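*Asks:* This is the structure, below, for whatever I ask next.
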Amino acid sequence: MNIRTLPAVGDPDAVRTLTGLLEQLPDVEALPCAGDSDRLLETLAGRAGTALDELPEVVLVHESIGPAPALELIREVALRFPAVGVVLLTADAGPALYAAAMDSGARGLTGWPCGHEELAGRVRAAAQWATGVRHHLGGGDSRPTGPGGRLLAVTGAKGGVGTTVTAVQLALAARTAGREVVLVDLDLQSGDVASYLDVQFRRSIADLAQIGDLTPRVLQEAVFAHPSGLGLLLAPGDGERGEEVTDTAARRILTALRAHHELVIVDCGTQITAAGAVAIEAADTALLVTTPDVVAVRAAKRMVRLWDRLRIREAGQTLTVVNRHTRAAEIQPQLVERATGTRTCRTCVPAAYKELQPAVDSGRMQDLDAKSSVRQALWALAGELGLVAAPPAQGRAAPRGGRTAPAERALTGLRRRRALAAGTGDSAAAPGAPSLPAGNGPAATPG
């Protein structure tokens, strides 16, 4: 997505300098310059009369603009066109003017003349804000990807269901397809992305938490360049540092990453933190991983309900993928869908931990055999999610239809509903129907 940027500059020399800088930004479309305040307002009014989406995302106002003073012009634009992000260009970038510009409705301020990276950061931040405002005003897509990229959040229903393996393989599939991908480990206290990809690192997401201006250079220094081509922003090695990544910091970091990468995949782990909640709420796609057993599906159900209570995400906006699936499993994807209220993916990942074990033990998930049924299913899932071009069906995904397996017939629909409802506050099944005990139960086998 190109960021339509409208300069409002009166000085001819400044126009040439600013136009040259904007032309160097690959994701910016520079519109014809408005030479004074009246021309700027007329241009915006003409575009707004057509449709909200016709307005530029960003307006750059030079301090020497006239006849209206720059701050008055910013205030007018903010009042009449609230879905436009305004950035002030000024030689006096001191705190007093910064405060005055923010009070007038500006979304950023940069010194003039400014550098390429500084201008790029201000324009992208203002555009991200404008895109969010348009979403709430009803313009554009229901879940905008924003200027730059798509955000996919991967969360596990409980520990050991295969959340990190799923996130890593989806990222590898997208990267192999030629997409620019950064994989973020937001499991802040016990993230294992580095272990799965054999990475020794010094910087983590915690090092970005206190930085307000996340320029491309700052991000480049923190994102680890993996030999597979993935960019990795890893969880801190010392778990206690995870507390430094607040919800505000997480939102700022994810916004900056989306502005500079085509695809951002976030491993949120299984515990909902403030930072993880931000990722799930902001994600274009939220993927919930579960296994086909009563304990895990109960956990998935609790997770979805928690998201709903906290107003993070509605169940209907969540996709659930069933990991370690077998045809003989008593719990099939259709039942998971009914129990959680989410939509289950067509692709199920088969139960084949022996295929995974060598890659897991060596910490080289990127070397997982291409013939592995697990890898094939996860890469097919990437196609279903639109991360890569979907390949033709070759029987790689576990079947969702067809004849019912003997073990599934043995557990009637009534008994399954009773087992899944036990301990969750759902209405009980008929008296005398057997059920599993409520509670957390035993952990699933890691994979």
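Chain identifiers are assigned as A, B, and so on, following the order in which chains appear in the structure tokens; residues are numbered from 1 within each chain, and ligands are numbered from 1 in order of appearance.
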Pick out the residues sitting within 6 Å of range 215-225 of chain A, and hand them over as a PyMOL selection string; count only C-alpha atoms, and ignore anything fewer than 3 positions along from it in its own chain.

*Replies:* chain A and resi 121+203+231-233

*Asks:* Using only C-alpha atoms for the distances, tell me which of A:Leu31, A:Val199, A:Leu186, A:Leu6 is nearest to Gly239 in chain A.

*Replies:*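 Smallest distance to Gly239 in chain A is found for A:Leu186.
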
*Asks:* Determine, counting only C-alpha atoms, which protein, DNA and RNA residues have an atom within 9 Å of an atom of Gly156 in chain A; residues of the same chain fewer than 3 positions away are not included. Present the result as an MDAnalysis selection string.

*Replies:* chainID A and resid 159:164 267:271 287:290 300 303

*Asks:* With a distance cut-off of 10 Å and only C-alpha atoms, select the neighbouring residues of range 167-181 of chain A, excluding the residue or stretch itself and same-chain residues fewer than 4 positions from it, and output the selection as a VMD selection string.

*Replies:* chain A and resid 149 to 150 152 to 155 162 to 163 185 193 196 to 197 228 to 232 257 to 258 260 to 269 287 289 365 to 366 368 374 to 383 385 to 389

*Asks:* Quick one, how far is CA of Met102 in chain A from CA of Ala83 in chain A?

*Replies:*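 Straight-line distance from CA of Met102 in chain A to CA of Ala83 in chain A works out to 15.5 Å.
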
*Asks:* Residues at most 9 Å from Asp207 in chain A, counting only C-alpha atoms, excluding those fewer than 6 positions away in the same chain, as a list in words?

*Replies:*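 The residues that qualify are Ala222, Pro236, Glu244 and Val245 of chain A.
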
*Asks:* Hey, which of A:Val349, A:Val336, A:Leu60, A:Leu73 ends up closest to Arg324 in chain A? Count only C-alpha atoms.

*Replies:*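 Among A:Val349, A:Val336, A:Leu60, A:Leu73, it is A:Val349 that comes nearest to Arg324 in chain A.
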
*Asks:* Could you name the residues that touch range 91-97 of chain A at 12 Å or less, counting only C-alpha atoms, but leaving out those on the same chain fewer than 6 positions away, as JSON, numbers by chain?

*Replies:* {"A": [14, 62, 63, 64, 70, 71, 103, 104, 106, 108, 109, 110, 111, 112, 113, 114]}

*Asks:* Closest to Ala315 in chain A among A:Val58, A:Ala351, A:Ala125, A:Ala286, using only C-alpha atoms?

*Replies:*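 So, comparing all the options, the nearest one is A:Ala286.
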
*Asks:* So, counting only C-alpha atoms, which residue among A:Ala279, A:Leu52, A:Ile65, A:Val28 is closest to Val15 in chain A?

*Replies:*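 Of A:Ala279, A:Leu52, A:Ile65, A:Val28, the one nearest Val15 in chain A is A:Ile65, counting only C-alpha atoms.
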
*Asks:* Extract the full set of alpha helix (DSSP H) residues from range 103-182 of chain A according to DSSP on the backbone, and format it as a PyMOL selection string.

*Replies:* chain A and resi 103-104+116-137+163-176

*Asks:* For Gly242 in chain A, list every protein, DNA or RNA residue within 7 Å, evaluated using only C-alpha atoms, and leave out those in the same chain fewer than 4 positions away; present the list as a list in words.

*Replies:*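 That gives Leu188, Gln189, Ala206 and Pro236 of chain A.
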
*Asks:* Any chance you could list, as a list in words, the residues in range 42-135 of chain A that come up strand (DSSP E or B) when DSSP is run on the backbone?

*Replies:* Val58, Val59, Leu60, Val61, His62, Gly85, Val86, Val87, Leu88, Leu89, Thr90, Gly108, Leu109, Thr110 and Gly111 of chain A

*Asks:* Next, write the just-selected residues to a file, as a PDB file, in the first residue's frame, keeping N, CA, C and O atoms as the atom set.

*Replies:*
ATOM      1  N   VAL A  58      -1.343  11.416   4.652  1.00  0.00           N
ATOM      2  CA  VAL A  58      -0.450  12.334   5.368  1.00  0.00           C
ATOM      3  C   VAL A  58      -0.387  13.675   4.652  1.00  0.00           C
ATOM      4  O   VAL A  58      -0.337  13.730   3.417  1.00  0.00           O
ATOM      5  N   VAL A  59      -0.395  14.750   5.429  1.00  0.00           N
ATOM      6  CA  VAL A  59      -0.136  16.099   4.935  1.00  0.00           C
ATOM      7  C   VAL A  59       1.103  16.625   5.654  1.00  0.00           C
ATOM      8  O   VAL A  59       1.184  16.564   6.890  1.00  0.00           O
ATOM      9  N   LEU A  60       2.058  17.129   4.894  1.00  0.00           N
ATOM     10  CA  LEU A  60       3.284  17.714   5.457  1.00  0.00           C
ATOM     11  C   LEU A  60       3.171  19.231   5.364  1.00  0.00           C
ATOM     12  O   LEU A  60       3.143  19.791   4.258  1.00  0.00           O
ATOM     13  N   VAL A  61       3.096  19.896   6.498  1.00  0.00           N
ATOM     14  CA  VAL A  61       2.924  21.350   6.540  1.00  0.00           C
ATOM     15  C   VAL A  61       4.247  21.994   6.921  1.00  0.00           C
ATOM     16  O   VAL A  61       4.779  21.739   8.012  1.00  0.00           O
ATOM     17  N   HIS A  62       4.769  22.838   6.023  1.00  0.00           N
ATOM     18  CA  HIS A  62       6.003  23.568   6.307  1.00  0.00           C
ATOM     19  C   HIS A  62       5.676  24.793   7.149  1.00  0.00           C
ATOM     20  O   HIS A  62       4.626  25.429   6.977  1.00  0.00           O
ATOM     21  N   GLY A  85      -3.405  12.461   8.761  1.00  0.00           N
ATOM     22  CA  GLY A  85      -2.326  12.696   9.714  1.00  0.00           C
ATOM     23  C   GLY A  85      -1.453  13.846   9.246  1.00  0.00           C
ATOM     24  O   GLY A  85      -0.965  13.849   8.113  1.00  0.00           O
ATOM     25  N   VAL A  86      -1.267  14.839  10.113  1.00  0.00           N
ATOM     26  CA  VAL A  86      -0.510  16.042   9.754  1.00  0.00           C
ATOM     27  C   VAL A  86       0.834  16.022  10.465  1.00  0.00           C
ATOM     28  O   VAL A  86       0.907  15.769  11.669  1.00  0.00           O
ATOM     29  N   VAL A  87       1.893  16.329   9.712  1.00  0.00           N
ATOM     30  CA  VAL A  87       3.244  16.422  10.262  1.00  0.00           C
ATOM     31  C   VAL A  87       3.766  17.821   9.985  1.00  0.00           C
ATOM     32  O   VAL A  87       3.688  18.313   8.845  1.00  0.00           O
ATOM     33  N   LEU A  88       4.292  18.478  11.004  1.00  0.00           N
ATOM     34  CA  LEU A  88       4.839  19.825  10.876  1.00  0.00           C
ATOM     35  C   LEU A  88       6.332  19.759  10.600  1.00  0.00           C
ATOM     36  O   LEU A  88       7.073  19.057  11.305  1.00  0.00           O
ATOM     37  N   LEU A  89       6.782  20.505   9.589  1.00  0.00           N
ATOM     38  CA  LEU A  89       8.205  20.633   9.264  1.00  0.00           C
ATOM     39  C   LEU A  89       8.670  21.992   9.755  1.00  0.00           C
ATOM     40  O   LEU A  89       8.161  23.023   9.303  1.00  0.00           O
ATOM     41  N   THR A  90       9.623  22.012  10.670  1.00  0.00           N
ATOM     42  CA  THR A  90      10.035  23.266  11.282  1.00  0.00           C
ATOM     43  C   THR A  90      11.515  23.260  11.627  1.00  0.00           C
ATOM     44  O   THR A  90      12.071  22.202  11.939  1.00  0.00           O
ATOM     45  N   GLY A 108       2.804  14.550  14.315  1.00  0.00           N
ATOM     46  CA  GLY A 108       4.253  14.442  14.400  1.00  0.00           C
ATOM     47  C   GLY A 108       4.904  15.762  14.051  1.00  0.00           C
ATOM     48  O   GLY A 108       4.273  16.683  13.515  1.00  0.00           O
ATOM     49  N   LEU A 109       6.173  15.860  14.389  1.00  0.00           N
ATOM     50  CA  LEU A 109       6.953  17.061  14.109  1.00  0.00           C
ATOM     51  C   LEU A 109       8.365  16.624  13.778  1.00  0.00           C
ATOM     52  O   LEU A 109       8.922  15.742  14.443  1.00  0.00           O
ATOM     53  N   THR A 110       8.928  17.233  12.750  1.00  0.00           N
ATOM     54  CA  THR A 110      10.296  16.894  12.391  1.00  0.00           C
ATOM     55  C   THR A 110      11.069  18.153  12.057  1.00  0.00           C
ATOM     56  O   THR A 110      10.504  19.133  11.560  1.00  0.00           O
ATOM     57  N   GLY A 111      12.350  18.148  12.380  1.00  0.00           N
ATOM     58  CA  GLY A 111      13.195  19.291  12.072  1.00  0.00           C
ATOM     59  C   GLY A 111      13.359  19.474  10.576  1.00  0.00           C
ATOM     60  O   GLY A 111      13.287  18.521   9.802  1.00  0.00           O
TER      61      GLY A 111
END
